[in-house]
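The next block is data-v7.txt, given as compact mmCIF, N, CA and C atoms.
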# COMPACT_ATOMS: atom_id res chain seq x y z
N MET T 11 0.84 -1.18 0.00
CA MET T 11 0.00 0.00 0.00
C MET T 11 0.88 1.25 0.00
N VAL T 12 0.53 2.23 -0.83
CA VAL T 12 1.30 3.46 -0.97
C VAL T 12 0.70 4.52 -0.06
N PRO T 13 1.54 5.17 0.77
CA PRO T 13 1.02 6.23 1.62
C PRO T 13 0.45 7.37 0.77
N VAL T 14 -0.54 8.04 1.29
CA VAL T 14 -1.23 9.10 0.56
C VAL T 14 -0.31 10.27 0.27
N ASP T 15 0.60 10.60 1.16
CA ASP T 15 1.45 11.77 0.98
C ASP T 15 2.73 11.48 0.20
N SER T 16 2.90 10.27 -0.28
CA SER T 16 4.13 9.95 -1.02
C SER T 16 4.04 10.47 -2.45
N LYS T 17 5.17 10.83 -2.98
CA LYS T 17 5.24 11.32 -4.36
C LYS T 17 5.54 10.15 -5.28
N PRO T 18 4.99 10.18 -6.49
CA PRO T 18 5.29 9.08 -7.41
C PRO T 18 6.75 9.12 -7.84
N ARG T 19 7.35 7.97 -7.93
CA ARG T 19 8.72 7.88 -8.41
C ARG T 19 8.70 7.75 -9.93
N ALA T 20 9.83 8.09 -10.54
CA ALA T 20 9.94 8.00 -12.00
C ALA T 20 9.66 6.59 -12.48
N SER T 21 10.04 5.60 -11.68
CA SER T 21 9.81 4.21 -12.09
C SER T 21 8.33 3.83 -12.00
N ASP T 22 7.55 4.61 -11.25
CA ASP T 22 6.12 4.32 -11.11
C ASP T 22 5.28 4.96 -12.21
N VAL T 23 5.85 5.96 -12.85
CA VAL T 23 5.10 6.72 -13.84
C VAL T 23 5.43 6.19 -15.23
N SER T 24 4.41 5.85 -15.96
CA SER T 24 4.60 5.39 -17.33
C SER T 24 4.16 6.50 -18.27
N ILE T 25 5.08 6.96 -19.10
CA ILE T 25 4.77 8.03 -20.04
C ILE T 25 4.49 7.39 -21.39
N ALA T 26 3.28 7.57 -21.86
CA ALA T 26 2.89 6.99 -23.14
C ALA T 26 2.95 8.07 -24.20
N MET T 27 3.56 7.74 -25.32
CA MET T 27 3.62 8.68 -26.44
C MET T 27 2.36 8.51 -27.28
N ASP T 28 1.80 9.62 -27.68
CA ASP T 28 0.70 9.55 -28.63
C ASP T 28 1.26 9.14 -29.98
N ASP T 29 0.43 8.49 -30.77
CA ASP T 29 0.87 8.09 -32.11
C ASP T 29 1.26 9.30 -32.95
N ASP T 30 0.62 10.45 -32.69
CA ASP T 30 0.93 11.66 -33.46
C ASP T 30 2.34 12.17 -33.18
N ASP T 31 2.87 11.83 -32.00
CA ASP T 31 4.20 12.30 -31.63
C ASP T 31 5.31 11.44 -32.21
N ARG T 32 4.99 10.26 -32.62
CA ARG T 32 6.00 9.35 -33.15
C ARG T 32 6.23 9.64 -34.63
N PRO T 33 7.45 9.43 -35.08
CA PRO T 33 7.70 9.61 -36.52
C PRO T 33 6.94 8.57 -37.31
N ARG T 34 6.36 9.01 -38.40
CA ARG T 34 5.63 8.07 -39.26
C ARG T 34 6.62 7.28 -40.10
N PRO T 35 6.38 5.99 -40.23
CA PRO T 35 7.28 5.21 -41.09
C PRO T 35 7.13 5.66 -42.54
N ARG T 36 8.24 5.79 -43.21
CA ARG T 36 8.21 6.20 -44.61
C ARG T 36 8.42 4.96 -45.46
N GLY T 37 7.45 4.69 -46.26
CA GLY T 37 7.57 3.55 -47.14
C GLY T 37 7.81 4.03 -48.56
N ASP T 38 8.29 3.16 -49.35
CA ASP T 38 8.50 3.50 -50.75
C ASP T 38 7.28 3.04 -51.53
N SER T 39 6.25 3.88 -51.53
CA SER T 39 4.99 3.55 -52.17
C SER T 39 5.16 3.32 -53.66
N ALA T 40 6.05 4.08 -54.28
CA ALA T 40 6.25 3.93 -55.73
C ALA T 40 6.76 2.52 -56.05
N SER T 41 7.65 2.00 -55.23
CA SER T 41 8.15 0.64 -55.48
C SER T 41 7.06 -0.40 -55.30
N ARG T 42 6.21 -0.19 -54.30
CA ARG T 42 5.10 -1.13 -54.09
C ARG T 42 4.14 -1.08 -55.27
N LEU T 43 3.86 0.13 -55.76
CA LEU T 43 2.96 0.26 -56.92
C LEU T 43 3.58 -0.36 -58.16
N ALA T 44 4.88 -0.16 -58.34
CA ALA T 44 5.55 -0.69 -59.53
C ALA T 44 5.57 -2.22 -59.53
N GLY T 45 5.54 -2.82 -58.35
CA GLY T 45 5.57 -4.28 -58.27
C GLY T 45 4.20 -4.93 -58.37
N GLU T 46 3.15 -4.12 -58.38
CA GLU T 46 1.80 -4.66 -58.42
C GLU T 46 1.45 -5.13 -59.84
N SER T 47 0.81 -6.28 -59.91
CA SER T 47 0.36 -6.79 -61.20
C SER T 47 -0.82 -5.96 -61.70
N LEU T 48 -0.77 -5.58 -62.96
CA LEU T 48 -1.85 -4.78 -63.55
C LEU T 48 -2.79 -5.61 -64.40
N ASP T 49 -2.58 -6.92 -64.43
CA ASP T 49 -3.35 -7.80 -65.30
C ASP T 49 -4.85 -7.76 -65.04
N SER T 50 -5.26 -7.55 -63.79
CA SER T 50 -6.68 -7.61 -63.47
C SER T 50 -7.41 -6.28 -63.69
N TYR T 51 -6.71 -5.24 -64.08
CA TYR T 51 -7.32 -3.93 -64.27
C TYR T 51 -7.93 -3.80 -65.67
N SER T 52 -9.09 -3.15 -65.74
CA SER T 52 -9.72 -2.87 -67.03
C SER T 52 -9.07 -1.62 -67.62
N GLN T 53 -9.38 -1.32 -68.90
CA GLN T 53 -8.86 -0.11 -69.54
C GLN T 53 -9.28 1.13 -68.76
N GLU T 54 -10.53 1.18 -68.32
CA GLU T 54 -11.03 2.34 -67.58
C GLU T 54 -10.30 2.47 -66.24
N GLU T 55 -10.07 1.35 -65.57
CA GLU T 55 -9.35 1.39 -64.30
C GLU T 55 -7.91 1.82 -64.49
N LEU T 56 -7.31 1.38 -65.57
CA LEU T 56 -5.93 1.80 -65.86
C LEU T 56 -5.87 3.29 -66.17
N ASP T 57 -6.86 3.80 -66.93
CA ASP T 57 -6.91 5.23 -67.22
C ASP T 57 -7.06 6.04 -65.93
N LEU T 58 -7.93 5.58 -65.04
CA LEU T 58 -8.13 6.27 -63.76
C LEU T 58 -6.85 6.22 -62.93
N ARG T 59 -6.19 5.08 -62.95
CA ARG T 59 -4.94 4.95 -62.19
C ARG T 59 -3.88 5.91 -62.72
N VAL T 60 -3.77 6.02 -64.04
CA VAL T 60 -2.81 6.95 -64.64
C VAL T 60 -3.14 8.39 -64.22
N GLU T 61 -4.42 8.76 -64.24
CA GLU T 61 -4.83 10.10 -63.82
C GLU T 61 -4.46 10.37 -62.37
N LEU T 62 -4.72 9.38 -61.52
CA LEU T 62 -4.40 9.55 -60.09
C LEU T 62 -2.90 9.67 -59.88
N LEU T 63 -2.13 8.86 -60.58
CA LEU T 63 -0.67 8.91 -60.44
C LEU T 63 -0.11 10.22 -60.98
N GLU T 64 -0.67 10.72 -62.08
CA GLU T 64 -0.22 12.01 -62.61
C GLU T 64 -0.55 13.14 -61.63
N ALA T 65 -1.72 13.07 -61.00
CA ALA T 65 -2.08 14.08 -60.00
C ALA T 65 -1.14 14.00 -58.80
N GLU T 66 -0.76 12.80 -58.41
CA GLU T 66 0.17 12.64 -57.29
C GLU T 66 1.55 13.17 -57.65
N ILE T 67 1.99 12.92 -58.86
CA ILE T 67 3.28 13.45 -59.32
C ILE T 67 3.26 14.97 -59.28
N ALA T 68 2.17 15.58 -59.73
CA ALA T 68 2.06 17.04 -59.71
C ALA T 68 2.06 17.56 -58.27
N ARG T 69 1.39 16.85 -57.37
CA ARG T 69 1.35 17.26 -55.97
C ARG T 69 2.74 17.20 -55.34
N VAL T 70 3.47 16.13 -55.61
CA VAL T 70 4.83 15.98 -55.06
C VAL T 70 5.77 17.03 -55.65
N ALA T 71 5.66 17.28 -56.95
CA ALA T 71 6.51 18.28 -57.59
C ALA T 71 6.23 19.68 -57.02
N ALA T 72 4.96 20.00 -56.79
CA ALA T 72 4.61 21.30 -56.21
C ALA T 72 5.16 21.42 -54.79
N HIS T 73 5.07 20.35 -54.03
CA HIS T 73 5.60 20.37 -52.67
C HIS T 73 7.12 20.54 -52.69
N LYS T 74 7.76 19.87 -53.61
CA LYS T 74 9.22 19.99 -53.74
C LYS T 74 9.60 21.42 -54.08
N ASP T 75 8.86 22.05 -54.98
CA ASP T 75 9.13 23.45 -55.35
C ASP T 75 8.94 24.39 -54.16
N ARG T 76 7.87 24.17 -53.38
CA ARG T 76 7.64 25.00 -52.19
C ARG T 76 8.75 24.80 -51.17
N ALA T 77 9.19 23.55 -51.00
CA ALA T 77 10.26 23.28 -50.04
C ALA T 77 11.56 23.94 -50.49
N ALA T 78 11.84 23.92 -51.79
CA ALA T 78 13.04 24.56 -52.31
C ALA T 78 12.99 26.07 -52.11
N ALA T 79 11.82 26.67 -52.37
CA ALA T 79 11.66 28.11 -52.17
C ALA T 79 11.81 28.47 -50.69
N HIS T 80 11.27 27.64 -49.83
CA HIS T 80 11.38 27.87 -48.39
C HIS T 80 12.84 27.79 -47.96
N ARG T 81 13.56 26.83 -48.48
CA ARG T 81 14.97 26.67 -48.15
C ARG T 81 15.78 27.88 -48.63
N LEU T 82 15.51 28.34 -49.85
CA LEU T 82 16.21 29.52 -50.37
C LEU T 82 15.94 30.75 -49.51
N ALA T 83 14.69 30.91 -49.09
CA ALA T 83 14.34 32.05 -48.24
C ALA T 83 15.05 31.95 -46.90
N ALA T 84 15.09 30.75 -46.32
CA ALA T 84 15.78 30.57 -45.04
C ALA T 84 17.28 30.81 -45.20
N ASP T 85 17.87 30.32 -46.27
CA ASP T 85 19.30 30.54 -46.51
C ASP T 85 19.60 32.03 -46.65
N ALA T 86 18.73 32.74 -47.36
CA ALA T 86 18.95 34.17 -47.55
C ALA T 86 18.79 34.93 -46.23
N PHE T 87 17.85 34.51 -45.42
CA PHE T 87 17.60 35.17 -44.15
C PHE T 87 18.76 34.96 -43.18
N PHE T 88 19.29 33.75 -43.13
CA PHE T 88 20.33 33.42 -42.16
C PHE T 88 21.74 33.56 -42.72
N LYS T 89 21.86 34.02 -43.96
CA LYS T 89 23.18 34.20 -44.56
C LYS T 89 23.93 35.29 -43.81
N PRO T 90 25.16 35.01 -43.45
CA PRO T 90 25.93 36.03 -42.74
C PRO T 90 26.13 37.27 -43.63
N LYS T 91 25.96 38.41 -43.03
CA LYS T 91 26.14 39.67 -43.75
C LYS T 91 27.63 39.97 -43.88
N VAL T 92 28.07 40.24 -45.09
CA VAL T 92 29.47 40.57 -45.34
C VAL T 92 29.60 42.09 -45.35
N PRO T 93 30.53 42.64 -44.52
CA PRO T 93 30.66 44.11 -44.46
C PRO T 93 31.21 44.72 -45.71
Represent the structure from my file as structure tokens, please.
Amino acid sequence: MVPVDSKPRASDVSIAMDDDDRPRPRGDSASRLAGESLDSYSQEELDLRVELLEAEIARVAAHKDRAAAHRLAADAFFKPKVP
């Protein structure tokens, strides 16, 4: 039995991390998609898949461009001033 006025010890306290706090595993989705058999897809399904993949490529390229612009702005901001 623990006395009422005792303080919890570090060994008594369990700190649980929320899933949001943990780094998300990064998988190589492109490799998984490339390895998938396309034999069971219809022409319409293949067309839809191509559209979705093209949209994803555009999304990734736009994000890459924003990240590059952000990096350039940060580099310019933190660049040492030369007298």
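Going from atom C of Val92 of chain T to atom N of Ala78 of chain T covers 26.2 Å.
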- Message: Just the number, please: distance in Å from atom C of Gly45 of chain T to atom N of Ala65 of chain T, one decimal.
- Response: 19.1 Å
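Straight-line separation from atom CA of Ile67 of chain T to atom CA of Asp31 of chain T: 27.7 Å.
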How big is the axis-aligned box around all listed atoms of segment 63-79 of chain T once 6 Å goes on each side, and where's its centre, in Å to one decimal, as AutoDock Vina command-line options?
--center_x 5.5 --center_y 18.7 --center_z -56.3 --size_x 27.2 --size_y 31.6 --size_z 24.6
I want to know what sits within 12 Å of Ala44 of chain T, based on only C-alpha atoms, with residues of the same chain fewer than 5 positions away left out; could you give that as a JSON list (two decimals) with N, CA and C atoms, in the frame of the given file?
[["chain", "number", "residue", "atom", "x", "y", "z"],
["T", 38, "ASP", "N", 8.29, 3.16, -49.35],
["T", 38, "ASP", "CA", 8.50, 3.50, -50.75],
["T", 38, "ASP", "C", 7.28, 3.04, -51.53],
["T", 39, "SER", "N", 6.25, 3.88, -51.53],
["T", 39, "SER", "CA", 4.99, 3.55, -52.17],
["T", 39, "SER", "C", 5.16, 3.32, -53.66],
["T", 63, "LEU", "N", -2.13, 8.86, -60.58],
["T", 63, "LEU", "CA", -0.67, 8.91, -60.44],
["T", 63, "LEU", "C", -0.11, 10.22, -60.98]]
